[in-house]
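Enquirer: This is query08.csv (CSV, C-alpha atoms).
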chain,number,residue,atom,x,y,z
P,697,MET,CA,-23.7,-34.8,-122.1
P,698,ALA,CA,-21.8,-31.7,-123.2
P,699,ALA,CA,-18.1,-31.4,-122.4
P,700,GLY,CA,-18.7,-28.1,-120.5
P,701,ASP,CA,-21.3,-29.7,-118.1
P,702,VAL,CA,-18.8,-29.9,-115.2
P,703,VAL,CA,-21.5,-29.7,-112.6
P,704,GLU,CA,-23.5,-32.4,-114.3
P,705,GLN,CA,-20.8,-35.0,-114.2
P,706,GLN,CA,-21.3,-35.7,-110.5
P,707,GLU,CA,-23.7,-38.6,-110.1
P,708,GLN,CA,-23.8,-39.3,-106.4
P,709,PRO,CA,-27.5,-39.5,-105.4
P,710,TRP,CA,-27.0,-37.4,-102.3
P,711,ASN,CA,-25.6,-34.6,-104.4
P,712,ARG,CA,-28.2,-34.4,-107.3
P,713,GLN,CA,-30.5,-32.0,-105.6
P,714,ARG,CA,-27.6,-29.7,-104.8
P,715,LEU,CA,-26.5,-29.8,-108.4
P,716,ARG,CA,-30.0,-29.1,-109.7
P,717,SER,CA,-30.2,-26.1,-107.3
P,718,THR,CA,-26.7,-24.9,-108.5
P,719,ASN,CA,-27.7,-25.1,-112.1
P,720,GLU,CA,-31.0,-23.2,-111.5
P,721,ARG,CA,-29.2,-20.5,-109.6
P,722,LEU,CA,-26.6,-20.2,-112.3
P,723,LEU,CA,-29.3,-19.7,-115.0
P,724,LEU,CA,-31.2,-17.2,-112.8
P,725,ASP,CA,-28.1,-15.1,-112.1
P,726,ARG,CA,-27.3,-15.1,-115.8
P,727,LEU,CA,-30.8,-13.9,-116.7
P,728,ARG,CA,-30.7,-11.2,-114.0
P,729,ALA,CA,-27.2,-10.0,-115.1
P,730,SER,CA,-27.6,-10.0,-118.9
P,731,GLY,CA,-31.3,-9.9,-119.6
P,732,ALA,CA,-33.8,-12.3,-121.3
P,733,ALA,CA,-32.4,-15.2,-123.2
P,734,SER,CA,-33.4,-18.4,-125.0
P,735,ARG,CA,-32.6,-21.9,-124.0
P,736,ALA,CA,-29.9,-22.1,-126.7
P,737,GLN,CA,-28.3,-18.8,-125.6
P,738,LEU,CA,-28.3,-19.9,-122.0
P,739,ALA,CA,-26.6,-23.2,-122.9
P,740,ARG,CA,-23.9,-21.4,-124.8
P,741,ASP,CA,-23.4,-18.8,-122.0
P,742,THR,CA,-23.2,-21.3,-119.1
P,743,GLY,CA,-21.7,-24.4,-120.7
P,744,LEU,CA,-24.7,-26.5,-119.6
P,745,SER,CA,-26.3,-28.9,-122.0
P,746,LYS,CA,-29.6,-28.0,-123.6
P,747,PRO,CA,-31.5,-30.8,-121.8
P,748,THR,CA,-30.1,-29.5,-118.5
P,749,VAL,CA,-31.1,-25.9,-119.3
P,750,SER,CA,-34.6,-27.0,-120.3
P,751,SER,CA,-35.1,-29.0,-117.1
P,752,ALA,CA,-33.7,-26.1,-114.9
P,753,LEU,CA,-35.9,-23.5,-116.6
P,754,ALA,CA,-39.0,-25.7,-116.2
P,755,SER,CA,-38.2,-25.9,-112.4
P,756,LEU,CA,-37.6,-22.2,-112.2
P,757,GLU,CA,-40.8,-21.4,-114.1
P,758,SER,CA,-42.8,-23.8,-111.9
P,759,ALA,CA,-41.4,-22.1,-108.8
P,760,GLY,CA,-42.5,-18.7,-110.2
P,761,LEU,CA,-38.9,-17.5,-110.4
P,762,VAL,CA,-38.7,-17.0,-114.2
P,763,ARG,CA,-41.4,-16.4,-116.9
P,764,GLU,CA,-41.6,-16.3,-120.6
P,765,ALA,CA,-40.6,-12.8,-121.9
P,766,GLY,CA,-41.4,-12.9,-125.6
P,767,THR,CA,-39.8,-14.7,-128.5
P,768,HIS,CA,-36.8,-14.3,-130.8
P,769,ALA,CA,-37.1,-15.0,-134.5
P,770,PRO,CA,-33.6,-15.6,-136.1
P,771,GLU,CA,-32.9,-15.2,-139.8
P,772,ARG,CA,-32.6,-19.0,-140.0
P,773,GLY,CA,-34.0,-21.6,-137.7
P,774,ARG,CA,-37.0,-21.8,-135.4
P,775,THR,CA,-38.4,-19.0,-133.3
P,776,ALA,CA,-37.1,-19.3,-129.8
P,777,VAL,CA,-38.9,-18.5,-126.5
P,778,LEU,CA,-37.1,-16.0,-124.3
P,779,TYR,CA,-37.0,-16.3,-120.5
P,780,ALA,CA,-36.5,-13.6,-117.8
P,781,PRO,CA,-36.6,-13.5,-114.0
P,782,ASP,CA,-40.1,-12.8,-112.7
P,783,PRO,CA,-39.7,-9.5,-110.7
P,784,ALA,CA,-42.9,-10.1,-108.8
P,785,ALA,CA,-41.5,-13.3,-107.2
P,786,GLY,CA,-40.7,-11.2,-104.1
P,787,HIS,CA,-40.2,-7.7,-102.8
P,788,ALA,CA,-37.9,-5.7,-100.6
P,789,LEU,CA,-38.4,-2.7,-98.4
P,790,GLY,CA,-36.1,0.4,-98.2
P,791,ILE,CA,-36.3,3.0,-95.5
P,792,ASP,CA,-34.5,6.3,-95.2
P,793,ILE,CA,-34.8,8.0,-91.7
P,794,GLY,CA,-33.6,11.6,-91.8
P,795,ARG,CA,-33.8,14.6,-89.5
P,796,SER,CA,-36.5,16.2,-91.7
P,797,TRP,CA,-37.9,13.5,-93.9
P,798,LEU,CA,-38.8,9.8,-93.7
P,799,ARG,CA,-38.8,8.0,-97.1
P,800,VAL,CA,-40.1,4.4,-97.6
P,801,ALA,CA,-40.2,2.3,-100.7
P,802,VAL,CA,-41.2,-1.2,-101.8
P,803,ALA,CA,-39.3,-2.6,-104.8
P,804,ASP,CA,-39.7,-5.8,-106.8
P,805,LEU,CA,-36.7,-8.1,-107.5
P,806,ASP,CA,-35.7,-6.1,-110.6
P,807,GLY,CA,-35.2,-3.0,-108.3
P,808,THR,CA,-38.3,-1.2,-109.7
P,809,VAL,CA,-40.0,0.8,-107.0
P,810,VAL,CA,-43.7,-0.2,-107.0
P,811,ALA,CA,-44.8,2.1,-104.1
P,812,ARG,CA,-43.2,4.8,-102.0
P,813,SER,CA,-44.0,7.5,-99.5
P,814,ASP,CA,-42.1,10.6,-98.4
P,815,VAL,CA,-43.4,12.1,-95.1
P,816,ARG,CA,-42.2,14.9,-92.9
P,817,ASN,CA,-40.4,13.8,-89.8
P,818,ARG,CA,-42.3,15.7,-87.1
P,819,ALA,CA,-41.7,13.1,-84.4
P,820,ARG,CA,-40.7,14.7,-81.1
P,821,SER,CA,-39.3,11.5,-79.5
P,822,SER,CA,-37.5,8.4,-80.6
P,823,GLY,CA,-40.5,6.3,-79.7
P,824,ALA,CA,-42.7,8.5,-81.9
P,825,LEU,CA,-40.2,8.2,-84.8
P,826,ALA,CA,-40.2,4.4,-84.5
P,827,ASP,CA,-44.0,4.5,-84.6
P,828,LEU,CA,-43.9,6.7,-87.7
P,829,VAL,CA,-41.5,4.3,-89.5
P,830,VAL,CA,-43.7,1.3,-88.8
P,831,THR,CA,-47.0,3.1,-89.7
P,832,THR,CA,-45.5,4.5,-92.9
P,833,ALA,CA,-44.0,1.2,-94.0
P,834,ARG,CA,-47.2,-0.6,-93.4
P,835,GLN,CA,-49.1,2.0,-95.5
P,836,VAL,CA,-46.6,1.8,-98.3
P,837,VAL,CA,-46.8,-2.0,-98.4
P,838,ALA,CA,-50.6,-1.9,-98.3
P,839,GLY,CA,-50.7,0.6,-101.1
P,840,SER,CA,-48.4,-1.4,-103.3
P,841,GLY,CA,-50.8,-4.3,-103.7
P,842,VAL,CA,-48.1,-6.6,-102.5
P,843,ALA,CA,-49.0,-9.2,-99.8
P,844,PRO,CA,-47.1,-8.5,-96.6
P,845,GLU,CA,-45.5,-11.9,-96.6
P,846,GLU,CA,-44.1,-11.2,-100.1
P,847,VAL,CA,-41.9,-8.5,-98.6
P,848,VAL,CA,-39.0,-10.7,-97.5
P,849,HIS,CA,-36.3,-8.2,-96.4
P,850,ALA,CA,-35.9,-4.6,-95.3
P,851,VAL,CA,-33.0,-2.2,-94.9
P,852,VAL,CA,-33.0,1.0,-92.9
P,853,GLY,CA,-30.7,4.0,-93.5
P,854,THR,CA,-30.1,6.2,-90.5
P,855,PRO,CA,-27.6,8.8,-89.3
P,856,GLY,CA,-25.0,7.3,-86.9
P,857,VAL,CA,-23.6,3.8,-86.7
P,858,TYR,CA,-25.6,0.7,-85.7
P,859,ASP,CA,-24.0,-1.3,-82.9
P,860,GLU,CA,-25.1,-4.9,-83.5
P,861,LYS,CA,-23.9,-6.0,-80.0
P,862,GLN,CA,-25.7,-3.3,-78.1
P,863,ARG,CA,-28.5,-3.3,-80.6
P,864,ARG,CA,-28.7,0.5,-80.8
P,865,VAL,CA,-27.5,3.4,-83.0
P,866,ARG,CA,-24.5,5.5,-81.8
P,867,TYR,CA,-23.5,9.0,-82.9
P,868,ALA,CA,-26.9,10.1,-84.3
P,869,MET,CA,-26.5,13.6,-82.8
P,870,HIS,CA,-29.3,15.1,-84.9
P,871,LEU,CA,-32.0,12.6,-83.8
P,872,PRO,CA,-32.4,13.0,-80.1
P,873,GLY,CA,-33.0,9.8,-78.2
P,874,TRP,CA,-32.3,7.7,-81.3
P,875,GLY,CA,-29.5,5.9,-79.4
P,876,ARG,CA,-32.0,4.1,-77.2
P,877,ALA,CA,-31.5,0.3,-77.1
P,878,GLY,CA,-34.4,-1.8,-78.5
P,879,LEU,CA,-35.9,0.7,-81.0
P,880,PHE,CA,-35.0,-1.4,-84.0
P,881,ASP,CA,-35.9,-4.7,-82.4
P,882,ARG,CA,-39.3,-3.2,-81.8
P,883,MET,CA,-39.6,-2.1,-85.4
P,884,ARG,CA,-38.5,-5.5,-86.6
P,885,ALA,CA,-41.2,-7.2,-84.5
P,886,GLU,CA,-44.0,-4.8,-85.5
P,887,LEU,CA,-43.1,-5.0,-89.2
P,888,GLY,CA,-42.7,-8.7,-89.2
P,889,VAL,CA,-39.8,-8.4,-91.7
P,890,PRO,CA,-36.1,-9.2,-91.2
P,891,LEU,CA,-34.5,-5.7,-91.0
P,892,GLU,CA,-30.9,-4.5,-91.3
P,893,VAL,CA,-29.7,-1.1,-90.2
P,894,HIS,CA,-26.9,0.8,-92.0
P,895,ASN,CA,-25.4,4.3,-91.9
P,896,ASP,CA,-27.2,6.7,-94.3
P,897,ALA,CA,-24.0,7.9,-96.0
P,898,ASN,CA,-22.9,4.3,-96.7
P,899,LEU,CA,-26.3,3.5,-98.3
P,900,ALA,CA,-26.2,6.7,-100.3
P,901,ALA,CA,-22.8,5.7,-101.7
P,902,LEU,CA,-24.2,2.2,-102.6
P,903,GLY,CA,-27.2,3.9,-104.2
P,904,GLU,CA,-25.1,6.2,-106.3
P,905,TYR,CA,-22.9,3.2,-107.3
P,906,THR,CA,-25.8,1.1,-108.3
P,907,TYR,CA,-28.1,3.6,-109.9
P,908,GLY,CA,-26.2,6.9,-110.3
P,909,VAL,CA,-23.0,8.6,-111.2
P,910,GLY,CA,-20.7,6.2,-109.3
P,911,ALA,CA,-21.4,3.3,-111.6
P,912,GLY,CA,-18.2,1.8,-112.8
P,913,SER,CA,-15.9,3.7,-110.4
P,914,ARG,CA,-13.0,1.7,-109.0
P,915,LEU,CA,-13.1,3.7,-105.7
P,916,PHE,CA,-15.3,6.6,-104.9
P,917,ALA,CA,-16.3,8.6,-101.9
P,918,TYR,CA,-19.9,10.0,-101.4
P,919,ILE,CA,-19.9,13.0,-99.2
P,920,LEU,CA,-23.3,13.5,-97.6
P,921,ILE,CA,-23.8,17.2,-96.6
P,922,GLY,CA,-27.1,17.9,-94.9
P,923,THR,CA,-28.1,18.5,-91.3
P,924,GLY,CA,-24.8,16.7,-90.5
P,925,LEU,CA,-21.8,15.5,-92.4
P,926,GLY,CA,-20.9,11.9,-93.4
P,927,MET,CA,-19.1,9.9,-96.1
P,928,GLY,CA,-19.5,6.5,-97.7
P,929,VAL,CA,-16.7,4.8,-99.5
P,930,VAL,CA,-17.3,2.2,-102.2
P,931,SER,CA,-14.3,0.2,-103.4
P,932,GLU,CA,-14.7,-2.3,-106.3
P,933,GLY,CA,-18.4,-2.2,-105.8
P,934,ARG,CA,-18.3,-3.0,-102.1
P,935,LEU,CA,-18.6,-0.7,-99.1
P,936,PHE,CA,-15.6,0.0,-97.0
P,937,THR,CA,-16.8,0.5,-93.4
P,938,GLY,CA,-13.6,0.0,-91.3
P,939,ALA,CA,-12.9,-2.2,-88.3
P,940,HIS,CA,-15.9,-0.9,-86.3
P,941,GLY,CA,-18.2,0.4,-88.9
P,942,LEU,CA,-16.9,4.0,-88.4
P,943,ALA,CA,-15.1,4.5,-91.6
P,944,GLY,CA,-16.4,7.7,-93.3
P,945,GLU,CA,-17.4,9.5,-90.0
P,946,ILE,CA,-15.5,12.6,-91.2
P,947,GLY,CA,-17.8,14.8,-89.3
P,948,PHE,CA,-15.6,14.0,-86.2
P,949,LEU,CA,-12.4,15.4,-87.8
P,950,PRO,CA,-11.2,18.4,-85.9
P,951,TRP,CA,-11.9,21.9,-87.2
P,952,PRO,CA,-10.2,25.0,-85.9
P,953,GLY,CA,-13.1,26.8,-84.3
P,954,GLN,CA,-12.8,30.5,-83.2
P,955,GLN,CA,-14.1,30.1,-79.7
P,956,LYS,CA,-13.5,26.4,-78.9
P,957,PRO,CA,-12.4,23.2,-80.5
P,958,ALA,CA,-14.9,22.2,-83.2
P,959,ARG,CA,-15.6,19.3,-85.5
P,960,LEU,CA,-15.7,19.4,-89.3
P,961,GLU,CA,-19.4,18.7,-89.1
P,962,ASP,CA,-19.8,22.1,-87.4
P,963,ALA,CA,-18.3,23.8,-90.4
P,964,VAL,CA,-19.6,21.8,-93.3
P,965,SER,CA,-23.4,21.4,-93.1
P,966,GLY,CA,-26.7,23.2,-93.8
P,967,VAL,CA,-26.5,24.7,-90.3
P,968,ALA,CA,-23.1,26.1,-91.0
P,969,VAL,CA,-24.3,27.8,-94.2
P,970,VAL,CA,-27.1,29.5,-92.3
P,971,GLU,CA,-24.8,30.6,-89.5
P,972,ALA,CA,-22.3,32.1,-92.0
P,973,ALA,CA,-25.1,33.9,-93.9
P,974,ARG,CA,-26.2,35.5,-90.6
P,975,ARG,CA,-22.7,36.6,-89.8
P,976,PHE,CA,-22.4,38.2,-93.2
P,977,GLY,CA,-25.7,40.2,-92.6
P,978,MET,CA,-28.7,38.1,-93.7
P,979,SER,CA,-31.7,38.1,-91.4
P,980,GLY,CA,-35.1,36.5,-91.0
P,981,GLN,CA,-36.2,32.9,-91.0
P,982,LEU,CA,-33.2,31.3,-92.8
P,983,THR,CA,-32.6,27.8,-94.1
P,984,ALA,CA,-29.7,26.5,-96.2
P,985,LYS,CA,-32.0,26.4,-99.2
P,986,ALA,CA,-33.0,30.1,-98.7
P,987,VAL,CA,-29.4,31.1,-98.5
P,988,PHE,CA,-28.5,29.2,-101.8
P,989,ASP,CA,-31.6,30.7,-103.5
P,990,ALA,CA,-30.5,34.2,-102.4
P,991,ALA,CA,-27.0,33.5,-103.7
P,992,ARG,CA,-28.5,32.7,-107.1
P,993,GLN,CA,-30.2,36.1,-107.0
P,994,GLY,CA,-26.9,37.8,-106.2
P,995,ASN,CA,-27.4,38.6,-102.5
P,996,ASP,CA,-23.9,39.5,-101.3
P,997,ALA,CA,-24.2,37.9,-97.8
P,998,ALA,CA,-25.5,34.7,-99.3
P,999,VAL,CA,-22.8,34.6,-102.0
P,1000,ARG,CA,-20.1,35.0,-99.3
P,1001,ALA,CA,-21.7,32.3,-97.2
P,1002,VAL,CA,-21.8,29.9,-100.2
P,1003,ARG,CA,-18.2,30.7,-101.1
P,1004,LEU,CA,-17.1,29.9,-97.6
P,1005,GLU,CA,-19.0,26.6,-97.7
P,1006,GLY,CA,-17.2,25.8,-100.9
P,1007,GLU,CA,-13.8,26.4,-99.2
P,1008,ARG,CA,-14.8,24.1,-96.3
P,1009,ILE,CA,-16.1,21.4,-98.6
P,1010,ALA,CA,-12.8,21.6,-100.5
P,1011,TYR,CA,-11.0,20.9,-97.2
P,1012,THR,CA,-13.2,17.9,-96.8
P,1013,VAL,CA,-12.5,16.6,-100.3
P,1014,ALA,CA,-8.7,17.2,-99.8
P,1015,ALA,CA,-8.8,15.1,-96.6
P,1016,ALA,CA,-10.6,12.3,-98.4
P,1017,ALA,CA,-8.3,12.4,-101.4
P,1018,ALA,CA,-5.2,12.2,-99.2
P,1019,VAL,CA,-6.4,9.1,-97.3
P,1020,LEU,CA,-8.4,7.2,-99.9
P,1021,ASP,CA,-7.1,8.3,-103.4
P,1022,PRO,CA,-10.6,8.1,-104.9
P,1023,ASP,CA,-11.1,8.4,-108.7
P,1024,LEU,CA,-14.4,10.2,-107.9
P,1025,VAL,CA,-15.9,12.3,-105.1
P,1026,VAL,CA,-19.7,12.7,-105.2
P,1027,LEU,CA,-21.3,15.6,-103.4
P,1028,GLY,CA,-24.8,14.8,-102.1
P,1029,GLY,CA,-27.3,15.5,-99.4
P,1030,GLY,CA,-29.3,18.7,-98.8
P,1031,VAL,CA,-26.4,21.0,-99.4
P,1032,GLY,CA,-25.3,18.8,-102.3
P,1033,HIS,CA,-28.5,19.8,-104.1
P,1034,SER,CA,-26.9,23.2,-104.7
P,1035,VAL,CA,-23.7,21.9,-106.3
P,1036,ASP,CA,-24.3,24.2,-109.2
P,1037,LEU,CA,-23.1,27.0,-106.9
P,1038,LEU,CA,-20.5,25.0,-105.1
P,1039,LEU,CA,-18.6,23.1,-107.7
P,1040,GLN,CA,-16.4,25.9,-108.9
P,1041,PRO,CA,-15.5,27.2,-105.4
P,1042,VAL,CA,-14.7,23.7,-104.4
P,1043,ARG,CA,-12.5,23.0,-107.4
P,1044,ASP,CA,-10.7,26.4,-107.1
P,1045,ASN,CA,-9.9,25.9,-103.4
P,1046,LEU,CA,-8.9,22.3,-103.9
P,1047,ARG,CA,-6.2,23.4,-106.3
P,1048,ALA,CA,-4.8,25.7,-103.6
P,1049,LEU,CA,-5.0,23.0,-100.9
P,1050,THR,CA,-3.5,19.9,-102.5
P,1051,PRO,CA,-2.0,18.4,-105.7
P,1052,LEU,CA,-4.5,15.5,-105.4
P,1053,ARG,CA,-7.5,16.3,-107.5
P,1054,PRO,CA,-10.1,13.6,-107.9
P,1055,ARG,CA,-13.0,14.2,-110.2
P,1056,ILE,CA,-15.9,15.9,-108.3
P,1057,ALA,CA,-19.5,15.4,-109.4
P,1058,PRO,CA,-22.9,16.1,-108.0
P,1059,SER,CA,-25.1,13.2,-106.9
P,1060,ARG,CA,-27.3,12.0,-109.8
P,1061,LEU,CA,-29.9,10.6,-107.3
P,1062,GLY,CA,-30.3,13.7,-105.1
P,1063,GLU,CA,-32.5,13.2,-102.1
P,1064,ASP,CA,-33.3,9.6,-103.2
P,1065,ALA,CA,-29.7,8.3,-102.8
P,1066,VAL,CA,-30.1,6.8,-99.3
P,1067,LEU,CA,-33.5,5.3,-100.1
P,1068,LEU,CA,-32.3,3.7,-103.3
P,1069,GLY,CA,-29.1,2.4,-101.5
P,1070,ALA,CA,-31.4,0.8,-98.9
P,1071,VAL,CA,-33.4,-0.8,-101.7
P,1072,ALA,CA,-30.3,-2.1,-103.5
P,1073,THR,CA,-28.9,-3.5,-100.2
P,1074,ALA,CA,-32.2,-5.1,-99.3
P,1075,LEU,CA,-32.5,-6.7,-102.7
P,1076,ASP,CA,-29.2,-8.5,-102.4
P,1077,THR,CA,-30.6,-10.5,-99.5
P,1078,ALA,CA,-34.2,-10.7,-100.8
P,1079,ARG,CA,-33.2,-12.4,-104.0
P,1080,ASP,CA,-31.4,-15.1,-102.1
P,1081,VAL,CA,-34.3,-15.6,-99.7
P,1082,VAL,CA,-36.9,-15.8,-102.5
P,1083,PHE,CA,-34.8,-18.3,-104.5
P,1084,GLU,CA,-34.4,-20.6,-101.4
P,1085,ARG,CA,-38.1,-20.3,-100.4
P,1086,ARG,CA,-39.5,-21.0,-103.8
P,1087,SER,CA,-37.0,-23.7,-104.7
P,1088,ALA,CA,-37.7,-25.6,-101.5
P,1089,ALA,CA,-41.5,-25.2,-102.0
P,1090,SER,CA,-41.4,-26.5,-105.6
Taking this structure as input, can you express it in the form of structure tokens?

Expert:
Amino acid sequence: MAAGDVVEQQEQPWNRQRLRSTNERLLLDRLRASGAASRAQLARDTGLSKPTVSSALASLESAGLVREAGTHAPERGRTAVLYAPDPAAGHALGIDIGRSWLRVAVADLDGTVVARSDVRNRARSSGALADLVVTTARQVVAGSGVAPEEVVHAVVGTPGVYDEKQRRVRYAMHLPGWGRAGLFDRMRAELGVPLEVHNDANLAALGEYTYGVGAGSRLFAYILIGTGLGMGVVSEGRLFTGAHGLAGEIGFLPWPGQQKPARLEDAVSGVAVVEAARRFGMSGQLTAKAVFDAARQGNDAAVRAVRLEGERIAYTVAAAAAVLDPDLVVLGGGVGHSVDLLLQPVRDNLRALTPLRPRIAPSRLGEDAVLLGAVATALDTARDVVFERRSAAS
């Protein structure tokens, strides 16, 4: 027995199964974190003896949790078989519910999206939207070729904050009726999958940390600017959500409106960009995208509206910087897609507002940030569920 085999030195019969499971999980986590490896490499990395590694790998392979992934031929010595986690051992479902779009994806345990669908949200009631979510999710799973029972966990991103006790979403102002109790219970039952509900800005922040520009950041804030305004905060790789899940609801910050007290969300959003453009003289059927496109063409009213939005975003960044001291602020959401026009006005105005100047960057994930954050969050649980199920079965 190797000196490093701490977990192997326990010989109580009642504990042997737990020790075997611990060793198997240790090896699986090492393979997932650092990539394919041989038995000898795994023994060196974990401190387990080679016989223990061989036994654990055989169990993991029998359970369908790892597979052979090629060979390694060293300069001296025998060719070694490499092992890697089997990504098809289970799957997770990510869902992004937005005012304009519904996005759904199925991913394997490596995080690779194997099927997805983006559909327009034309639902006119909360019940119709719940139906659309269930129907779309079922279609995506069916189109993925994955058996429904192999999808072991789902995560939904939605505007607002999910109240676990009351089992409903609060503060989803832009989705009428979405605060009705029982909607997510109904979706869970109809999908037949355990389903978590999270704020969309929080998931976007996690998505950006896992797959995008936030990787490696000690503390960063993701500001989601679209139909509404939200912020997700990731500290040391973990979400900061506050005592009641409301951290990051910066849209509720007061904003000095001209006619009546207003919220920051009224000033920093796609709707605000359109309203500003109209005040400056633009007409016709306007969207935030149309205003930004016009600004790129030099339209004076559009340029002024974009400049004003930059000033207001700078105010938002200044508030976040003063409270959080982030090393990075990521701008995302629908308005965030036009960061090429906004970055310089934001930086210029930030210098005038505060001596605190975190690095500001556009989202690398764009419109996929919430969806990929939902996938990443679902995978955290799915990997545990799959390991427990398959280990018990084998």

Enquirer: Write out, as JSON lines, each residue of region 775-869 of chain P that has an atom at most 12 Å from region 712-724 of chain P, together with the closest pair of atoms and their distance in Å to one decimal, counting all atoms listed in the file, rows going by chain and rising number.

Expert:
{"residue": "P:Tyr779", "atom": "CA", "partner": "P:Leu724", "partner_atom": "CA", "distance": 9.7}
{"residue": "P:Ala780", "atom": "CA", "partner": "P:Leu724", "partner_atom": "CA", "distance": 8.1}
{"residue": "P:Pro781", "atom": "CA", "partner": "P:Leu724", "partner_atom": "CA", "distance": 6.7}
{"residue": "P:Asp782", "atom": "CA", "partner": "P:Leu724", "partner_atom": "CA", "distance": 9.9}
{"residue": "P:Pro783", "atom": "CA", "partner": "P:Leu724", "partner_atom": "CA", "distance": 11.7}
{"residue": "P:Leu805", "atom": "CA", "partner": "P:Leu724", "partner_atom": "CA", "distance": 11.9}

Enquirer: Kindly export the residues of the current selection with C-alpha atoms, as a compact mmCIF listing (two decimals), keeping the file's coordinate frame.

Expert:
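As written to disk, result.txt reads:
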# COMPACT_ATOMS: atom_id res chain seq x y z
CA TYR P 779 -37.00 -16.30 -120.50
CA ALA P 780 -36.50 -13.60 -117.80
CA PRO P 781 -36.60 -13.50 -114.00
CA ASP P 782 -40.10 -12.80 -112.70
CA PRO P 783 -39.70 -9.50 -110.70
CA LEU P 805 -36.70 -8.10 -107.50

Enquirer: Enumerate, as a PyMOL selection string, the protein, DNA and RNA residues whose atoms approach (-5.2, 17.9, -109.6) to within 12 Å, taking into account all atoms listed in the file and the coordinate frame of the file.

Expert: chain P and resi 1013-1014+1017-1018+1021+1023+1043-1056

Enquirer: Which distance in Å separates CA of Arg834 (chain P) and CA of Val800 (chain P), to one decimal?

Expert: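 Taking CA of Arg834 (chain P) as the start and CA of Val800 (chain P) as the end point, the length is 9.6 Å.
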
Enquirer: Closest to Ala838 (chain P) among P:Arg812, P:Arg1060, P:Arg1003, P:Arg818, using only C-alpha atoms?

Expert: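 Smallest separation from Ala838 (chain P) among the options: P:Arg812.
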
Enquirer: Rounded to one decimal in Å, what is the spacing between CA of Ala897 (chain P) and CA of Asp804 (chain P)?

Expert: 23.5 Å

Enquirer: Could you check which of P:Ser734, P:Asp792, P:Asp725, P:Val1042 is closest to Ala776 (chain P), using all atoms listed in the file?

Expert: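 For Ala776 (chain P), the nearest of the candidates is P:Ser734.
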
Enquirer: Can you work out which one of P:Asp881, P:Glu846, P:Glu904, P:Glu932 has the shortest atom-to-atom distance to Pro1022 (chain P), counting all atoms listed in the file?

Expert: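 Of the candidates, the smallest distance to Pro1022 (chain P) is held by P:Glu932.
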
Enquirer: Please, what distance in Å, to one decimal, runs between CA of Gly790 (chain P) and CA of Arg934 (chain P)?

Expert: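 A separation of 18.5 Å between them.
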
Enquirer: So which one's closest to Gly878 (chain P), P:Ala998, P:Val829, P:Val865, P:Val810? Using all atoms listed in the file, please.

Expert: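 Among the listed residues, P:Val865 lies closest to Gly878 (chain P).
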
Enquirer: Could you complete region 1041-1052 of chain P so that it carries N, CA and C atoms, and give it back as a PDB file, in the frame of the given file?

Expert:
ATOM      1  N   PRO P1041     -16.252  26.898-106.616  1.00  0.00           N
ATOM      2  CA  PRO P1041     -15.500  27.200-105.400  1.00  0.00           C
ATOM      3  C   PRO P1041     -14.725  26.030-104.845  1.00  0.00           C
ATOM      4  N   VAL P1042     -15.357  24.843-104.874  1.00  0.00           N
ATOM      5  CA  VAL P1042     -14.700  23.700-104.400  1.00  0.00           C
ATOM      6  C   VAL P1042     -13.454  23.350-105.192  1.00  0.00           C
ATOM      7  N   ARG P1043     -13.602  23.357-106.512  1.00  0.00           N
ATOM      8  CA  ARG P1043     -12.500  23.000-107.400  1.00  0.00           C
ATOM      9  C   ARG P1043     -11.357  24.080-107.260  1.00  0.00           C
ATOM     10  N   ASP P1044     -11.736  25.352-107.191  1.00  0.00           N
ATOM     11  CA  ASP P1044     -10.700  26.400-107.100  1.00  0.00           C
ATOM     12  C   ASP P1044      -9.926  26.259-105.777  1.00  0.00           C
ATOM     13  N   ASN P1045     -10.611  26.022-104.690  1.00  0.00           N
ATOM     14  CA  ASN P1045      -9.900  25.900-103.400  1.00  0.00           C
ATOM     15  C   ASN P1045      -9.142  24.603-103.301  1.00  0.00           C
ATOM     16  N   LEU P1046      -9.625  23.552-103.948  1.00  0.00           N
ATOM     17  CA  LEU P1046      -8.900  22.300-103.900  1.00  0.00           C
ATOM     18  C   LEU P1046      -7.531  22.432-104.575  1.00  0.00           C
ATOM     19  N   ARG P1047      -7.476  23.204-105.648  1.00  0.00           N
ATOM     20  CA  ARG P1047      -6.200  23.400-106.300  1.00  0.00           C
ATOM     21  C   ARG P1047      -5.195  24.106-105.394  1.00  0.00           C
ATOM     22  N   ALA P1048      -5.685  24.967-104.520  1.00  0.00           N
ATOM     23  CA  ALA P1048      -4.800  25.700-103.600  1.00  0.00           C
ATOM     24  C   ALA P1048      -4.396  24.813-102.401  1.00  0.00           C
ATOM     25  N   LEU P1049      -5.191  23.789-102.112  1.00  0.00           N
ATOM     26  CA  LEU P1049      -5.000  23.000-100.900  1.00  0.00           C
ATOM     27  C   LEU P1049      -4.051  21.782-101.149  1.00  0.00           C
ATOM     28  N   THR P1050      -4.165  21.160-102.321  1.00  0.00           N
ATOM     29  CA  THR P1050      -3.500  19.900-102.500  1.00  0.00           C
ATOM     30  C   THR P1050      -3.251  19.607-104.001  1.00  0.00           C
ATOM     31  N   PRO P1051      -2.190  18.862-104.301  1.00  0.00           N
ATOM     32  CA  PRO P1051      -2.000  18.400-105.700  1.00  0.00           C
ATOM     33  C   PRO P1051      -2.882  17.263-106.083  1.00  0.00           C
ATOM     34  N   LEU P1052      -3.593  16.689-105.106  1.00  0.00           N
ATOM     35  CA  LEU P1052      -4.500  15.500-105.400  1.00  0.00           C
ATOM     36  C   LEU P1052      -5.842  16.061-105.769  1.00  0.00           C
TER      37      LEU P1052
END
